[in-house]
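The data block below is my_file28.cif; it holds mmCIF, C-alpha atoms.
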```cif
data_final
#
loop_
_atom_site.label_atom_id
_atom_site.label_comp_id
_atom_site.auth_asym_id
_atom_site.auth_seq_id
_atom_site.Cartn_x
_atom_site.Cartn_y
_atom_site.Cartn_z
CA MET I 25 29.93 -92.07 105.39
CA LYS I 26 27.37 -90.24 107.50
CA GLY I 27 24.13 -89.09 105.78
CA LYS I 28 22.74 -85.58 105.80
CA LEU I 29 20.48 -84.46 108.61
CA CYS I 30 17.20 -82.54 108.30
CA LYS I 31 17.70 -78.77 108.80
CA MET I 32 14.69 -78.68 111.10
CA CYS I 33 14.55 -81.82 113.24
CA LYS I 34 18.07 -83.25 112.66
CA THR I 35 16.83 -86.72 111.67
CA PRO I 36 18.67 -88.53 108.84
CA ILE I 37 17.39 -87.69 105.35
CA LYS I 38 16.54 -90.45 102.89
CA GLY I 39 16.30 -89.91 99.16
CA ARG I 40 18.01 -87.42 96.87
CA SER I 41 21.45 -86.19 97.85
CA ASP I 42 20.40 -82.52 97.61
CA LYS I 43 17.40 -82.79 99.98
CA LEU I 44 17.51 -80.49 103.01
CA PHE I 45 14.44 -81.67 104.95
CA CYS I 46 13.13 -85.09 105.94
CA SER I 47 9.50 -84.18 105.18
CA GLN I 48 7.22 -81.52 103.77
CA GLY I 49 6.14 -80.71 107.35
CA CYS I 50 9.72 -79.93 108.42
CA LYS I 51 10.23 -77.83 105.29
CA ASN I 52 7.04 -75.84 105.97
CA GLU I 53 7.89 -75.33 109.66
CA TYR I 54 11.40 -74.14 108.77
CA HIS I 55 10.11 -71.51 106.32
CA ILE I 56 7.34 -70.36 108.69
CA LYS I 57 9.92 -69.78 111.44
CA LEU I 58 12.25 -68.02 108.98
CA ARG I 59 9.44 -65.62 107.98
CA GLN I 60 8.61 -64.95 111.66
CA VAL I 61 12.22 -64.07 112.50
CA THR I 62 12.45 -61.78 109.47
CA LYS I 63 9.15 -60.10 110.34
CA GLN I 64 10.25 -59.46 113.93
CA ALA I 65 13.58 -58.03 112.80
CA THR I 66 12.06 -55.66 110.24
CA LYS I 67 8.93 -54.54 112.11
CA LYS I 68 10.58 -51.65 113.99
CA ILE I 69 12.38 -50.43 110.87
CA ASP I 70 9.16 -50.55 108.85
CA GLU I 71 7.37 -48.54 111.54
CA ILE I 72 10.06 -45.83 111.43
CA LEU I 73 9.97 -45.69 107.61
CA HIS I 74 6.17 -45.44 107.58
CA ARG I 75 6.27 -42.70 110.22
CA ASN I 76 8.86 -40.77 108.19
CA ARG I 77 6.66 -41.05 105.09
CA SER I 78 3.60 -39.89 107.05
CA ILE I 79 5.51 -36.84 108.31
CA LEU I 80 6.57 -35.92 104.76
CA LEU I 81 3.01 -36.43 103.48
CA GLU I 82 1.62 -34.22 106.26
CA ILE I 83 4.09 -31.44 105.40
CA MET I 84 3.59 -31.71 101.64
CA GLY I 85 -0.18 -32.01 101.63
CA LYS I 86 -2.14 -33.86 98.96
CA ASN I 87 -1.27 -31.83 95.88
CA SER I 88 2.26 -30.44 96.35
CA THR I 89 5.10 -32.07 94.48
CA GLN I 90 7.93 -29.95 95.89
CA LYS I 91 8.41 -27.81 98.99
CA LYS I 92 11.35 -26.17 100.77
CA ILE I 93 11.14 -26.10 104.58
CA GLN I 94 13.36 -25.51 107.60
CA ARG I 95 14.99 -28.69 108.93
CA ILE I 96 13.84 -27.82 112.46
CA LEU I 97 10.24 -28.55 111.38
CA LEU I 98 11.22 -32.17 110.64
CA ASP I 99 13.18 -32.37 113.89
CA LYS I 100 10.15 -31.16 115.88
CA LYS I 101 8.02 -33.88 114.30
CA LYS I 102 10.72 -36.45 115.25
CA PHE I 103 11.60 -37.30 111.65
CA ASN I 104 14.37 -39.92 111.72
CA PHE I 105 16.96 -38.98 109.10
CA SER I 106 18.85 -42.25 109.64
CA TYR I 107 16.14 -44.42 108.06
CA ILE I 108 15.75 -44.26 104.29
CA THR I 109 14.72 -46.64 101.53
CA SER I 110 17.42 -45.47 99.09
CA TYR I 111 19.62 -42.52 98.13
CA HIS I 112 21.57 -41.16 95.20
CA ILE I 113 24.02 -38.36 94.46
CA ASN I 114 22.59 -35.81 92.02
CA LYS I 115 24.54 -34.09 89.25
CA TYR I 116 25.46 -31.25 91.65
CA GLY I 117 27.05 -33.62 94.15
CA LYS I 118 24.18 -33.36 96.67
CA THR I 119 22.87 -36.47 98.41
CA VAL I 120 19.19 -37.07 97.74
CA GLN I 121 17.58 -39.44 100.23
CA HIS I 122 14.35 -41.34 99.66
CA VAL I 123 11.54 -42.80 101.77
CA TYR I 124 9.29 -44.67 99.36
CA ASP I 125 7.82 -42.08 96.98
CA PHE I 126 9.27 -39.01 98.75
CA SER I 127 12.81 -37.63 98.55
CA TRP I 128 14.64 -34.86 100.34
CA MET I 129 17.88 -32.96 100.12
CA ILE I 130 19.45 -31.00 102.99
CA PHE I 131 21.09 -27.68 102.17
CA SER I 132 23.91 -26.07 104.17
CA ASP I 133 21.60 -23.36 105.51
CA GLU I 134 19.50 -26.03 107.26
CA GLU I 135 16.75 -25.92 104.67
CA VAL I 136 15.32 -29.15 103.30
CA LEU I 137 13.87 -29.58 99.82
CA ILE I 138 11.18 -32.27 99.80
CA ARG I 139 9.87 -33.81 96.58
CA ARG I 140 7.19 -36.33 95.77
CA LYS I 141 7.66 -38.66 92.81
#
```
Here is the file; what I need is its structure written in the form of structure tokens.
Amino acid sequence: MKGKLCKMCKTPIKGRSDKLFCSQGCKNEYHIKLRQVTKQATKKIDEILHRNRSILLEIMGKNSTQKKIQRILLDKKKFNFSYITSYHINKYGKTVQHVYDFSWMIFSDEEVLIRRK
């Protein structure tokens, strides 16, 4: 029967049957590379989400908790409606989308209601 190989360097593993790495060094290197790949993949998305939040903050100002605006204002500022952190359907059947601590709802007349939590 062939033994298990290290996930990082592919050398045979000695010891417990559930070990995945031959050494602590290989384990550390594997997880460092995994974090780097994840960071690269999410960096662009995070930038878009942060930009969206900044746009909503600029429109709302420091003290407002709710404001109704024309959708075209968000379009002009290049708000990306495709990137959200979560959403829910309210009791009226409207989709409420969230970017961190802000939410918005689009109405049929192209108005957008923005709220801050």
Using only C-alpha atoms, determine which residues lie at most 12 Å from segment 110-114 of chain I, disregarding the query and same-chain residues fewer than 2 positions distant; provide the list as a PyMOL selection string.
chain I and resi 73+105-108+116-129
Could you check how far atom CA of Ile138 of chain I sits from atom CA of Gln90 of chain I, in Å to one decimal?
5.6 Å
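Evaluating the PyMOL selection byres ((chain I and resi 41-58) around 6) against the shown model yields Cys30, Lys31, Met32, Ile37, Arg40, Arg59, Gln60 and Val61 of chain I.
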Can you check which parts of segment 70-129 of chain I lie within 6 Å of segment 134-137 of chain I? Per residue, the shortest pair of atoms and distance in Å to one decimal, counting all atoms listed in the file, sorted by chain and number, as JSON lines.
```
{"residue": "I:Lys91", "atom": "CA", "partner": "I:Leu137", "partner_atom": "CA", "distance": 5.8}
{"residue": "I:Lys92", "atom": "CA", "partner": "I:Leu137", "partner_atom": "CA", "distance": 4.3}
{"residue": "I:Ile93", "atom": "CA", "partner": "I:Val136", "partner_atom": "CA", "distance": 5.3}
{"residue": "I:Gln94", "atom": "CA", "partner": "I:Glu135", "partner_atom": "CA", "distance": 4.5}
{"residue": "I:Arg95", "atom": "CA", "partner": "I:Glu135", "partner_atom": "CA", "distance": 5.4}
{"residue": "I:Trp128", "atom": "CA", "partner": "I:Leu137", "partner_atom": "CA", "distance": 5.4}
{"residue": "I:Met129", "atom": "CA", "partner": "I:Leu137", "partner_atom": "CA", "distance": 5.3}
```
Excluding segment 86-89 of chain I and residues on its chain fewer than 6 positions from it, collect all residues at most 8 Å away from it, counting only C-alpha atoms, and give them as a ChimeraX atom specification.
/I:139-141
Selected residues written out, C-alpha atoms, as a CSV table (one decimal), keeping the file's coordinate frame:
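Writing the result to selection31.csv gives the following:
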```
chain,number,residue,atom,x,y,z
I,139,ARG,CA,9.9,-33.8,96.6
I,140,ARG,CA,7.2,-36.3,95.8
I,141,LYS,CA,7.7,-38.7,92.8
```
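The interatomic distance for the pair atom CA of Asn104 of chain I and atom CA of Leu81 of chain I works out to 14.5 Å.
In this structure, atom CA of Arg77 of chain I sits 10.4 Å away from atom CA of Thr109 of chain I.
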Please complete segment 69-98 of chain I so it has N, CA and C atoms, and hand it over as a compact mmCIF listing (two decimals), in the coordinates of the input.
```txt
# COMPACT_ATOMS: atom_id res chain seq x y z
N ILE I 69 11.88 -51.25 111.99
CA ILE I 69 12.38 -50.43 110.87
C ILE I 69 11.23 -49.99 109.98
N ASP I 70 10.32 -50.90 109.67
CA ASP I 70 9.16 -50.55 108.85
C ASP I 70 8.32 -49.47 109.51
N GLU I 71 8.15 -49.56 110.82
CA GLU I 71 7.37 -48.54 111.54
C GLU I 71 8.01 -47.16 111.43
N ILE I 72 9.34 -47.11 111.54
CA ILE I 72 10.06 -45.83 111.43
C ILE I 72 9.93 -45.27 110.02
N LEU I 73 10.10 -46.14 109.00
CA LEU I 73 9.97 -45.69 107.61
C LEU I 73 8.56 -45.18 107.32
N HIS I 74 7.54 -45.88 107.81
CA HIS I 74 6.17 -45.44 107.58
C HIS I 74 5.89 -44.12 108.30
N ARG I 75 6.45 -43.97 109.49
CA ARG I 75 6.27 -42.70 110.22
C ARG I 75 6.95 -41.56 109.46
N ASN I 76 8.17 -41.79 108.98
CA ASN I 76 8.86 -40.77 108.19
C ASN I 76 8.03 -40.37 106.97
N ARG I 77 7.47 -41.35 106.27
CA ARG I 77 6.66 -41.05 105.09
C ARG I 77 5.42 -40.24 105.49
N SER I 78 4.79 -40.62 106.59
CA SER I 78 3.60 -39.89 107.05
C SER I 78 3.93 -38.44 107.38
N ILE I 79 5.08 -38.21 107.99
CA ILE I 79 5.51 -36.84 108.31
C ILE I 79 5.69 -36.03 107.02
N LEU I 80 6.36 -36.62 106.03
CA LEU I 80 6.57 -35.92 104.76
C LEU I 80 5.24 -35.65 104.06
N LEU I 81 4.33 -36.61 104.10
CA LEU I 81 3.01 -36.43 103.48
C LEU I 81 2.24 -35.31 104.18
N GLU I 82 2.31 -35.27 105.49
CA GLU I 82 1.62 -34.22 106.26
C GLU I 82 2.16 -32.83 105.88
N ILE I 83 3.47 -32.73 105.75
CA ILE I 83 4.09 -31.44 105.40
C ILE I 83 3.76 -31.05 103.96
N MET I 84 3.80 -32.01 103.05
CA MET I 84 3.59 -31.71 101.64
C MET I 84 2.12 -31.47 101.28
N GLY I 85 1.22 -32.10 102.00
CA GLY I 85 -0.18 -32.01 101.63
C GLY I 85 -0.48 -32.95 100.47
N LYS I 86 -1.71 -32.91 100.00
CA LYS I 86 -2.14 -33.86 98.96
C LYS I 86 -1.65 -33.51 97.57
N ASN I 87 -1.52 -32.23 97.27
CA ASN I 87 -1.27 -31.83 95.88
C ASN I 87 0.14 -31.33 95.58
N SER I 88 0.91 -30.97 96.59
CA SER I 88 2.26 -30.44 96.35
C SER I 88 3.20 -31.52 95.85
N THR I 89 4.08 -31.13 94.95
CA THR I 89 5.10 -32.07 94.48
C THR I 89 6.49 -31.67 94.95
N GLN I 90 6.63 -30.42 95.42
CA GLN I 90 7.93 -29.95 95.89
C GLN I 90 7.72 -28.83 96.90
N LYS I 91 8.52 -28.85 97.96
CA LYS I 91 8.41 -27.81 98.99
C LYS I 91 9.74 -27.68 99.71
N LYS I 92 10.14 -26.43 100.01
CA LYS I 92 11.35 -26.17 100.77
C LYS I 92 10.94 -25.73 102.17
N ILE I 93 11.50 -26.40 103.19
CA ILE I 93 11.14 -26.10 104.58
C ILE I 93 12.40 -26.01 105.43
N GLN I 94 12.26 -25.54 106.65
CA GLN I 94 13.36 -25.51 107.60
C GLN I 94 13.51 -26.91 108.21
N ARG I 95 14.73 -27.36 108.37
CA ARG I 95 14.99 -28.69 108.93
C ARG I 95 14.38 -28.84 110.33
N ILE I 96 14.35 -27.77 111.08
CA ILE I 96 13.84 -27.82 112.46
C ILE I 96 12.39 -28.32 112.50
N LEU I 97 11.62 -28.06 111.44
CA LEU I 97 10.24 -28.55 111.38
C LEU I 97 10.22 -30.08 111.39
N LEU I 98 11.12 -30.70 110.64
CA LEU I 98 11.22 -32.17 110.64
C LEU I 98 11.72 -32.67 111.98
```
